[in-house]
Amino acid sequence: MRVMKFGGASVKNAEAIRNVGQILENFRDEALLIVVSAMDKTTNHLENLAFLARDGKKEAAFEQFKKIKRFHLGQVEELFRNGHKEEVKAKVMIHIDTVEKILNGILQLEEFPPSVYDRIVSHGEVLSTVLVSEYLKDCGRDCIWLEASKLIKTDANFKQAGVIWSLTEDNIQEKVKPLMQGGRVIVTQGFIGSTTNGKVTTLGREGSDYTGSIFAYCLDAENLTVWKDVKGILNGDPRIRPDAIKHNELTYEEAVEMTFYGASVIHPKTIKPIYSKDIPLLVKCFTDVNESGTVISTKSQPSQIPSYIIKKKQAVLTIKPKDFSFMEERLMNHVFEMVYKSGVKVNLVQNSAISLSLCIDDVPSRRSNLTSMLLDDFTVEEFLDLKLYTVLKYKLMNLKDAADALMVQQQGQNLFYVK
Ligand code: ASP
Ligand code: MG
């Protein structure tokens with residue numbers, strides 16, 4: 001039994017969905033569960049629609065709504081034969097109508113709570129999975145559409161919901177495992193779950209990889225395959241490093257470090273569930289199925305090439321005790337208590353005799369919250385608009401690469417971090 005994840009680019013239009021059907025032909029006899037993201041940039045469009053409605057920009061919001069509707073109906077038009085077409089349109093319209101209702105609701109609300117955000121943006125995945133599953137049925141596949149929100153149970157931390165593993169595992173074992181059989185494809189949505197009282201939640205932007213990992217874990221899958229538009233996991237962003245090379249293998253530890261430090265190829269939360277059950281992760285290319293991709297498993301050899309990773313939207317806070325005392329452990333402890341309270345995420349820590357510097361993901365509201373707490377006992381200097389530049393396996397780096405990295409540091413006030 002395999003779990004596969006198809007991201008937004010792999011289902012970006014009718015032609016891309018046909019390609020997914022083609023890929024799945026290679027796994028005709030296997031028991032498959034596929035997790036699908038919203039088509040192309042639909043999540044961004046839904047988000048935009050919600051924000052326009054929140055800001056009372058009714059006309060613009062409806063314009064955006066119509067675009068989303070037109071786009072999905074247009075893809076149905078292209079993808080389906082007469083006969084089936086009307087049936088699929090009717091299915092799509094049920095969800096489009098719900099989006100419109102939520103939109104009207106937001107226009108009337110005084111506030112825009114995160115629960116409503118989650119409800120509206122979750123429709124991207126609902127729509128894409130209707131199209132994909134109906135298309136697979138058209139291709140003669142035995143296909144079942146399941147609502148991930150009924151299976152993945154989470155806390156009520158909307159927009160970044162935490163999975164309640166015991167409930168989720170029971171649900172998937174009881175309701176999904178018995179359905180898995182050779183030749184059948186189960187289609188479900190990435191990125192969404194629901195609270196114990198049934199409110200839809202999302203697992204954080206780009207969270208569909210994580211959904212794939214949750215299903216692979218709960219089903220004890222043979223492996224998890226994530227289909228990407230690149231050959232596999234490269235050792236740098238090909239837009240910045242055109243000579244980036246593919247890693248054929250990576251250990252789980254290397255993969256988790258790379259994703260934590262900003263390699264956006266897979267969501268950082270993806271690794272832990274599959275690691276804990278030794279489930280291999282295959283990162284494969286949806287435009288070139290024969291390309292071997294990258295394998296992450298317990299059998300993988302550590303990589304022999306360095307990786308260059310850039311994480312944007314960083315800030316550094318340099319924190320000093322007001323009374324010139326040493327930055328000793330008692331004070332560090334105090335600082336980290338406030339960091340924890342503020343919800344700020346720390347990527348890098350450096351201390352000196354009288355200072356502690358933290359490199360953080362810069363979410364301005366959280367940063368200012370932290371700084372104002374710190375100011376009671378410390379002085380705080382903020383350095384903004386930074387990038388964290390990470391080199392993994394720096395010992396394997398050649399001199400030219402090292403020089404490039406240092407140049408990046410000098411040019412743009414970037415941090416250079418060697419791990
Ligand atoms: N569609 C969601 C997003 O764009 C989830 C995902 O693509 O993984 O954030
Ligand atoms: Mg997406």
# chains A, B, ... in the order shown; residues from 1 in each chain; ligands from 1
>>> select_by_dssp(residues="range 203-329 of chain A", states="strand (DSSP E or B)", output="ChimeraX atom specification")
/A:223-228,234,246,249-250,281-285,294-296,307-321
>>> write_last_selection(atoms="C-alpha atoms", output="compact mmCIF listing (two decimals), in the first residue's frame")
# COMPACT_ATOMS: atom_id res chain seq x y z
CA ASN A 223 6.29 4.37 1.20
CA LEU A 224 5.24 7.95 0.66
CA THR A 225 5.85 9.50 -2.75
CA VAL A 226 5.75 13.26 -3.17
CA TRP A 227 5.48 14.32 -6.83
CA LYS A 228 7.28 17.58 -7.61
CA LEU A 234 18.40 19.52 -5.17
CA LYS A 246 20.15 16.37 -7.20
CA GLU A 249 19.69 9.73 -1.33
CA LEU A 250 19.35 11.60 1.94
CA LEU A 281 9.99 9.04 1.33
CA LEU A 282 10.44 9.25 -2.42
CA VAL A 283 10.58 12.66 -4.02
CA LYS A 284 9.80 12.18 -7.71
CA CYS A 285 9.27 14.37 -10.75
CA THR A 294 15.51 11.34 -4.22
CA VAL A 295 15.06 8.56 -1.68
CA ILE A 296 14.99 9.29 2.05
CA SER A 307 23.58 21.89 0.29
CA TYR A 308 22.96 25.62 0.14
CA ILE A 309 19.75 26.80 1.67
CA ILE A 310 18.30 30.26 2.07
CA LYS A 311 15.57 31.12 4.52
CA LYS A 312 13.93 34.48 4.00
CA LYS A 313 12.07 36.80 6.38
CA GLN A 314 14.59 36.55 9.20
CA ALA A 315 15.45 39.00 11.98
CA VAL A 316 18.21 39.04 14.57
CA LEU A 317 17.60 40.32 18.09
CA THR A 318 20.67 41.15 20.11
CA ILE A 319 19.69 41.11 23.75
CA LYS A 320 21.85 42.55 26.54
CA PRO A 321 21.23 42.82 30.29
>>> residues_around(residues="Cys359 in chain A", least_positions_apart="6", cutoff="12 Å", atoms="only C-alpha atoms", output="PyMOL selection string")
chain A and resi 261+311-319+339+344-351+367+381-389+414-417
>>> residues_near_ligand(ligand="ligand 2", cutoff="10 Å", atoms="only C-alpha atoms and all ligand atoms", output="number ranges by chain")
A: 6-9, 11-12, 36-44, 124-125, 190-191, 205-208
>>> atom_distance(atom1="CA of Ile102 in chain A", atom2="CA of Ala53 in chain A")
9.8 Å
>>> residues_around(residues="Thr298 in chain A", least_positions_apart="6", cutoff="8 Å", atoms="only C-alpha atoms", output="ChimeraX atom specification")
/A:251-252,278,280
>>> select_by_dssp(residues="range 96-207 of chain A", states="alpha helix (DSSP H)", output="NGL selection string")
:A and (96-108 or 114-121 or 123-138 or 148-151 or 165-171)
>>> residues_around(residues="Met1 in chain A", least_positions_apart="6", cutoff="10 Å", atoms="only C-alpha atoms", output="list in words")
Glu30, Ala31, Leu32, Leu33, Lys177, Met180, Gln181, Gly182, Ala216, Leu219, Asp220, Ala221, Glu222, Asn223 and Leu224 of chain A
>>> write_last_selection(atoms="N, CA and C atoms", output="PDB file, in the first residue's frame")
ATOM      1  N   GLU A  30      -1.929  -1.576  -7.596  1.00  0.00           N
ATOM      2  CA  GLU A  30      -1.594  -1.338  -6.187  1.00  0.00           C
ATOM      3  C   GLU A  30      -2.729  -0.653  -5.434  1.00  0.00           C
ATOM      4  N   ALA A  31      -2.677  -0.798  -4.104  1.00  0.00           N
ATOM      5  CA  ALA A  31      -3.614  -0.064  -3.256  1.00  0.00           C
ATOM      6  C   ALA A  31      -3.010   1.317  -3.021  1.00  0.00           C
ATOM      7  N   LEU A  32      -3.714   2.349  -3.503  1.00  0.00           N
ATOM      8  CA  LEU A  32      -3.148   3.699  -3.445  1.00  0.00           C
ATOM      9  C   LEU A  32      -4.051   4.650  -2.684  1.00  0.00           C
ATOM     10  N   LEU A  33      -3.426   5.513  -1.908  1.00  0.00           N
ATOM     11  CA  LEU A  33      -4.163   6.661  -1.380  1.00  0.00           C
ATOM     12  C   LEU A  33      -3.430   7.895  -1.877  1.00  0.00           C
ATOM     13  N   LYS A 177      -8.310   2.077   6.184  1.00  0.00           N
ATOM     14  CA  LYS A 177      -7.556   0.844   5.918  1.00  0.00           C
ATOM     15  C   LYS A 177      -8.412  -0.233   5.260  1.00  0.00           C
ATOM     16  N   MET A 180      -8.661   0.079   1.504  1.00  0.00           N
ATOM     17  CA  MET A 180      -7.464   0.022   0.653  1.00  0.00           C
ATOM     18  C   MET A 180      -7.375  -1.361   0.013  1.00  0.00           C
ATOM     19  N   GLN A 181      -7.434  -1.392  -1.306  1.00  0.00           N
ATOM     20  CA  GLN A 181      -7.240  -2.684  -1.966  1.00  0.00           C
ATOM     21  C   GLN A 181      -6.611  -2.507  -3.334  1.00  0.00           C
ATOM     22  N   GLY A 182      -5.954  -3.550  -3.792  1.00  0.00           N
ATOM     23  CA  GLY A 182      -5.228  -3.498  -5.065  1.00  0.00           C
ATOM     24  C   GLY A 182      -6.108  -2.956  -6.177  1.00  0.00           C
ATOM     25  N   ALA A 216       0.423   8.139   5.552  1.00  0.00           N
ATOM     26  CA  ALA A 216       1.401   7.040   5.421  1.00  0.00           C
ATOM     27  C   ALA A 216       1.652   6.409   6.790  1.00  0.00           C
ATOM     28  N   LEU A 219      -1.482   4.444   8.059  1.00  0.00           N
ATOM     29  CA  LEU A 219      -1.796   3.244   7.273  1.00  0.00           C
ATOM     30  C   LEU A 219      -0.635   2.256   7.238  1.00  0.00           C
ATOM     31  N   ASP A 220       0.473   2.597   7.884  1.00  0.00           N
ATOM     32  CA  ASP A 220       1.701   1.784   7.787  1.00  0.00           C
ATOM     33  C   ASP A 220       2.044   1.535   6.324  1.00  0.00           C
ATOM     34  N   ALA A 221       2.057   2.605   5.556  1.00  0.00           N
ATOM     35  CA  ALA A 221       2.286   2.456   4.110  1.00  0.00           C
ATOM     36  C   ALA A 221       3.698   1.960   3.824  1.00  0.00           C
ATOM     37  N   GLU A 222       3.827   1.376   2.642  1.00  0.00           N
ATOM     38  CA  GLU A 222       5.145   0.902   2.183  1.00  0.00           C
ATOM     39  C   GLU A 222       6.086   2.088   1.948  1.00  0.00           C
ATOM     40  N   ASN A 223       5.518   3.145   1.362  1.00  0.00           N
ATOM     41  CA  ASN A 223       6.293   4.367   1.203  1.00  0.00           C
ATOM     42  C   ASN A 223       5.365   5.543   0.945  1.00  0.00           C
ATOM     43  N   LEU A 224       5.964   6.721   1.003  1.00  0.00           N
ATOM     44  CA  LEU A 224       5.243   7.952   0.665  1.00  0.00           C
ATOM     45  C   LEU A 224       5.972   8.577  -0.522  1.00  0.00           C
TER      46      LEU A 224
END
>>> closest_residue(among="A:Arg54, A:Arg2, A:His72, A:Arg119", to="Lys159 in chain A", atoms="only C-alpha atoms")
A:Arg119
>>> closest_residue(among="A:Ile68, A:Leu146, A:Leu167, A:Ile266", to="ligand 1", atoms="only C-alpha atoms and all ligand atoms")
A:Ile266
>>> atom_distance(atom1="CA of Val265 in chain A", atom2="atom 7 (O, counted along the ligand's line) of ligand 1")
11.4 Å
>>> closest_residue(among="A:Gly343, A:Gly193, A:Gly21, A:Gly83", to="ligand 1", atoms="only C-alpha atoms and all ligand atoms")
A:Gly193
>>> closest_residue(among="A:Pro268, A:Gly293, A:Gly162, A:Gly232", to="ligand 1", atoms="only C-alpha atoms and all ligand atoms")
A:Pro268
>>> residues_around(residues="Arg18 in chain A", least_positions_apart="6", cutoff="10 Å", atoms="only C-alpha atoms", output="MDAnalysis selection string")
chainID A and resid 10:11 24 79 132 135:136 139
>>> write_last_selection(atoms="all heavy atoms", output="compact mmCIF listing (two decimals), in the first residue's frame")
# COMPACT_ATOMS: atom_id res chain seq x y z
N SER A 10 1.15 20.05 -9.81
CA SER A 10 0.93 18.80 -10.53
C SER A 10 -0.53 18.62 -10.94
O SER A 10 -0.86 17.71 -11.70
CB SER A 10 1.38 17.60 -9.69
OG SER A 10 0.53 17.43 -8.59
N VAL A 11 -1.41 19.48 -10.40
CA VAL A 11 -2.83 19.43 -10.80
C VAL A 11 -3.28 20.84 -11.22
O VAL A 11 -4.41 21.24 -10.99
CB VAL A 11 -3.73 18.90 -9.64
CG1 VAL A 11 -3.46 17.44 -9.37
CG2 VAL A 11 -3.56 19.71 -8.35
N LEU A 24 -0.53 7.44 -12.60
CA LEU A 24 -1.16 6.38 -11.80
C LEU A 24 -1.36 5.09 -12.60
O LEU A 24 -1.53 4.02 -12.02
CB LEU A 24 -2.48 6.87 -11.21
CG LEU A 24 -2.34 8.04 -10.21
CD1 LEU A 24 -3.70 8.44 -9.67
CD2 LEU A 24 -1.42 7.69 -9.04
N LEU A 79 -11.92 18.77 -19.23
CA LEU A 79 -11.47 17.45 -18.78
C LEU A 79 -12.48 16.33 -19.03
O LEU A 79 -12.10 15.18 -19.19
CB LEU A 79 -11.16 17.56 -17.28
CG LEU A 79 -10.25 16.55 -16.62
CD1 LEU A 79 -8.93 16.44 -17.34
CD2 LEU A 79 -10.01 16.97 -15.16
N VAL A 132 -10.11 15.53 -9.65
CA VAL A 132 -9.17 14.40 -9.84
C VAL A 132 -9.91 13.07 -9.70
O VAL A 132 -9.75 12.17 -10.54
CB VAL A 132 -8.00 14.49 -8.83
CG1 VAL A 132 -7.16 13.22 -8.84
CG2 VAL A 132 -7.12 15.70 -9.14
N TYR A 135 -12.16 12.40 -12.62
CA TYR A 135 -11.37 12.10 -13.82
C TYR A 135 -10.85 10.66 -13.78
O TYR A 135 -10.90 9.94 -14.78
CB TYR A 135 -10.21 13.10 -13.97
CG TYR A 135 -9.34 12.74 -15.15
CD1 TYR A 135 -9.81 12.91 -16.45
CD2 TYR A 135 -8.09 12.17 -14.96
CE1 TYR A 135 -9.05 12.54 -17.54
CE2 TYR A 135 -7.31 11.80 -16.06
CZ TYR A 135 -7.80 11.98 -17.34
OH TYR A 135 -7.04 11.60 -18.42
N LEU A 136 -10.38 10.25 -12.60
CA LEU A 136 -9.86 8.87 -12.50
C LEU A 136 -10.98 7.86 -12.75
O LEU A 136 -10.76 6.82 -13.38
CB LEU A 136 -9.21 8.64 -11.14
CG LEU A 136 -7.93 9.45 -10.89
CD1 LEU A 136 -7.41 9.23 -9.46
CD2 LEU A 136 -6.83 9.09 -11.89
N CYS A 139 -11.34 7.41 -16.25
CA CYS A 139 -10.27 6.56 -16.83
C CYS A 139 -10.51 5.10 -16.48
O CYS A 139 -9.61 4.27 -16.66
CB CYS A 139 -8.90 6.96 -16.29
SG CYS A 139 -8.44 8.63 -16.64
>>> residues_around(residues="Asp97 in chain A", least_positions_apart="5", cutoff="12 Å", atoms="only C-alpha atoms", output="ChimeraX atom specification")
/A:65-66,68-69,89-92,102-104,120,123,127
>>> write_last_selection(atoms="all heavy atoms", output="short mmCIF file (atom, residue, chain, number, x, y, z; two decimals), in the first residue's frame")
data_model
loop_
_atom_site.label_atom_id
_atom_site.label_comp_id
_atom_site.auth_asym_id
_atom_site.auth_seq_id
_atom_site.Cartn_x
_atom_site.Cartn_y
_atom_site.Cartn_z
N PHE A 65 -14.06 35.81 -6.57
CA PHE A 65 -14.89 34.62 -6.46
C PHE A 65 -15.25 34.08 -7.85
O PHE A 65 -15.13 32.88 -8.13
CB PHE A 65 -16.17 34.94 -5.66
CG PHE A 65 -17.23 33.89 -5.78
CD1 PHE A 65 -17.09 32.67 -5.11
CD2 PHE A 65 -18.35 34.09 -6.58
CE1 PHE A 65 -18.07 31.68 -5.24
CE2 PHE A 65 -19.32 33.10 -6.71
CZ PHE A 65 -19.17 31.90 -6.05
N LYS A 66 -15.66 34.99 -8.72
CA LYS A 66 -16.07 34.58 -10.08
C LYS A 66 -14.89 33.95 -10.82
O LYS A 66 -15.07 33.01 -11.58
CB LYS A 66 -16.60 35.78 -10.86
CG LYS A 66 -18.05 36.08 -10.51
CD LYS A 66 -18.58 37.16 -11.43
CE LYS A 66 -19.57 38.05 -10.69
NZ LYS A 66 -19.52 39.44 -11.12
N ILE A 68 -12.40 32.27 -9.52
CA ILE A 68 -12.18 30.91 -8.99
C ILE A 68 -13.23 29.96 -9.58
O ILE A 68 -12.92 28.85 -10.02
CB ILE A 68 -12.25 30.91 -7.44
CG1 ILE A 68 -11.11 31.77 -6.87
CG2 ILE A 68 -12.21 29.49 -6.88
CD1 ILE A 68 -11.21 32.07 -5.39
N LYS A 69 -14.46 30.44 -9.62
CA LYS A 69 -15.56 29.62 -10.16
C LYS A 69 -15.32 29.32 -11.65
O LYS A 69 -15.38 28.17 -12.08
CB LYS A 69 -16.88 30.40 -9.97
CG LYS A 69 -18.11 29.76 -10.56
CD LYS A 69 -19.34 30.56 -10.17
CE LYS A 69 -20.54 30.11 -10.95
NZ LYS A 69 -21.74 30.88 -10.60
N LYS A 89 -19.95 19.04 -13.01
CA LYS A 89 -20.24 20.47 -12.78
C LYS A 89 -21.15 20.64 -11.58
O LYS A 89 -20.94 21.52 -10.74
CB LYS A 89 -20.92 21.08 -14.01
CG LYS A 89 -19.94 21.66 -14.99
CD LYS A 89 -20.66 22.52 -16.02
CE LYS A 89 -19.68 22.83 -17.14
NZ LYS A 89 -20.32 23.27 -18.35
N ALA A 90 -22.15 19.78 -11.49
CA ALA A 90 -23.09 19.88 -10.37
C ALA A 90 -22.36 19.66 -9.05
O ALA A 90 -22.58 20.38 -8.07
CB ALA A 90 -24.22 18.87 -10.55
N LYS A 91 -21.43 18.70 -9.04
CA LYS A 91 -20.66 18.44 -7.80
C LYS A 91 -19.79 19.64 -7.44
O LYS A 91 -19.70 20.03 -6.28
CB LYS A 91 -19.76 17.20 -7.99
CG LYS A 91 -20.54 15.91 -7.94
CD LYS A 91 -19.65 14.72 -7.81
CE LYS A 91 -20.53 13.47 -7.70
NZ LYS A 91 -19.79 12.25 -7.71
N VAL A 92 -19.14 20.19 -8.46
CA VAL A 92 -18.27 21.35 -8.22
C VAL A 92 -19.11 22.52 -7.70
O VAL A 92 -18.71 23.22 -6.76
CB VAL A 92 -17.53 21.73 -9.53
CG1 VAL A 92 -16.91 23.12 -9.46
CG2 VAL A 92 -16.45 20.69 -9.83
N ILE A 102 -19.93 31.48 2.40
CA ILE A 102 -18.95 31.92 3.40
C ILE A 102 -18.53 33.37 3.10
O ILE A 102 -18.41 34.20 4.00
CB ILE A 102 -17.71 30.99 3.44
CG1 ILE A 102 -18.13 29.53 3.65
CG2 ILE A 102 -16.75 31.41 4.56
CD1 ILE A 102 -16.99 28.53 3.50
N LEU A 103 -18.36 33.64 1.81
CA LEU A 103 -17.98 35.00 1.40
C LEU A 103 -19.02 36.01 1.87
O LEU A 103 -18.68 37.04 2.47
CB LEU A 103 -17.84 35.00 -0.13
CG LEU A 103 -17.85 36.34 -0.86
CD1 LEU A 103 -16.71 37.22 -0.38
CD2 LEU A 103 -17.68 36.11 -2.36
N ASN A 104 -20.29 35.70 1.65
CA ASN A 104 -21.35 36.61 2.11
C ASN A 104 -21.33 36.76 3.62
O ASN A 104 -21.55 37.85 4.15
CB ASN A 104 -22.72 36.10 1.64
CG ASN A 104 -22.98 36.51 0.20
OD1 ASN A 104 -22.79 37.67 -0.16
ND2 ASN A 104 -23.37 35.57 -0.63
N ILE A 120 -12.92 28.71 4.55
CA ILE A 120 -12.97 29.13 3.14
C ILE A 120 -11.78 28.59 2.35
O ILE A 120 -11.95 28.03 1.28
CB ILE A 120 -13.19 30.66 2.99
CG1 ILE A 120 -13.65 30.99 1.57
CG2 ILE A 120 -11.96 31.47 3.37
CD1 ILE A 120 -14.36 32.31 1.42
N HIS A 123 -11.53 24.98 0.74
CA HIS A 123 -12.28 24.58 -0.45
C HIS A 123 -11.42 24.35 -1.69
O HIS A 123 -11.86 23.69 -2.63
CB HIS A 123 -13.41 25.58 -0.74
CG HIS A 123 -14.57 25.33 0.17
ND1 HIS A 123 -14.58 25.75 1.49
CD2 HIS A 123 -15.71 24.64 -0.02
CE1 HIS A 123 -15.69 25.35 2.05
NE2 HIS A 123 -16.40 24.66 1.17
N LEU A 127 -12.27 21.15 -4.00
CA LEU A 127 -12.56 21.25 -5.44
C LEU A 127 -11.59 20.41 -6.27
O LEU A 127 -12.00 19.66 -7.16
CB LEU A 127 -12.49 22.72 -5.88
CG LEU A 127 -13.66 23.59 -5.42
CD1 LEU A 127 -13.32 25.06 -5.57
CD2 LEU A 127 -14.93 23.25 -6.20
#
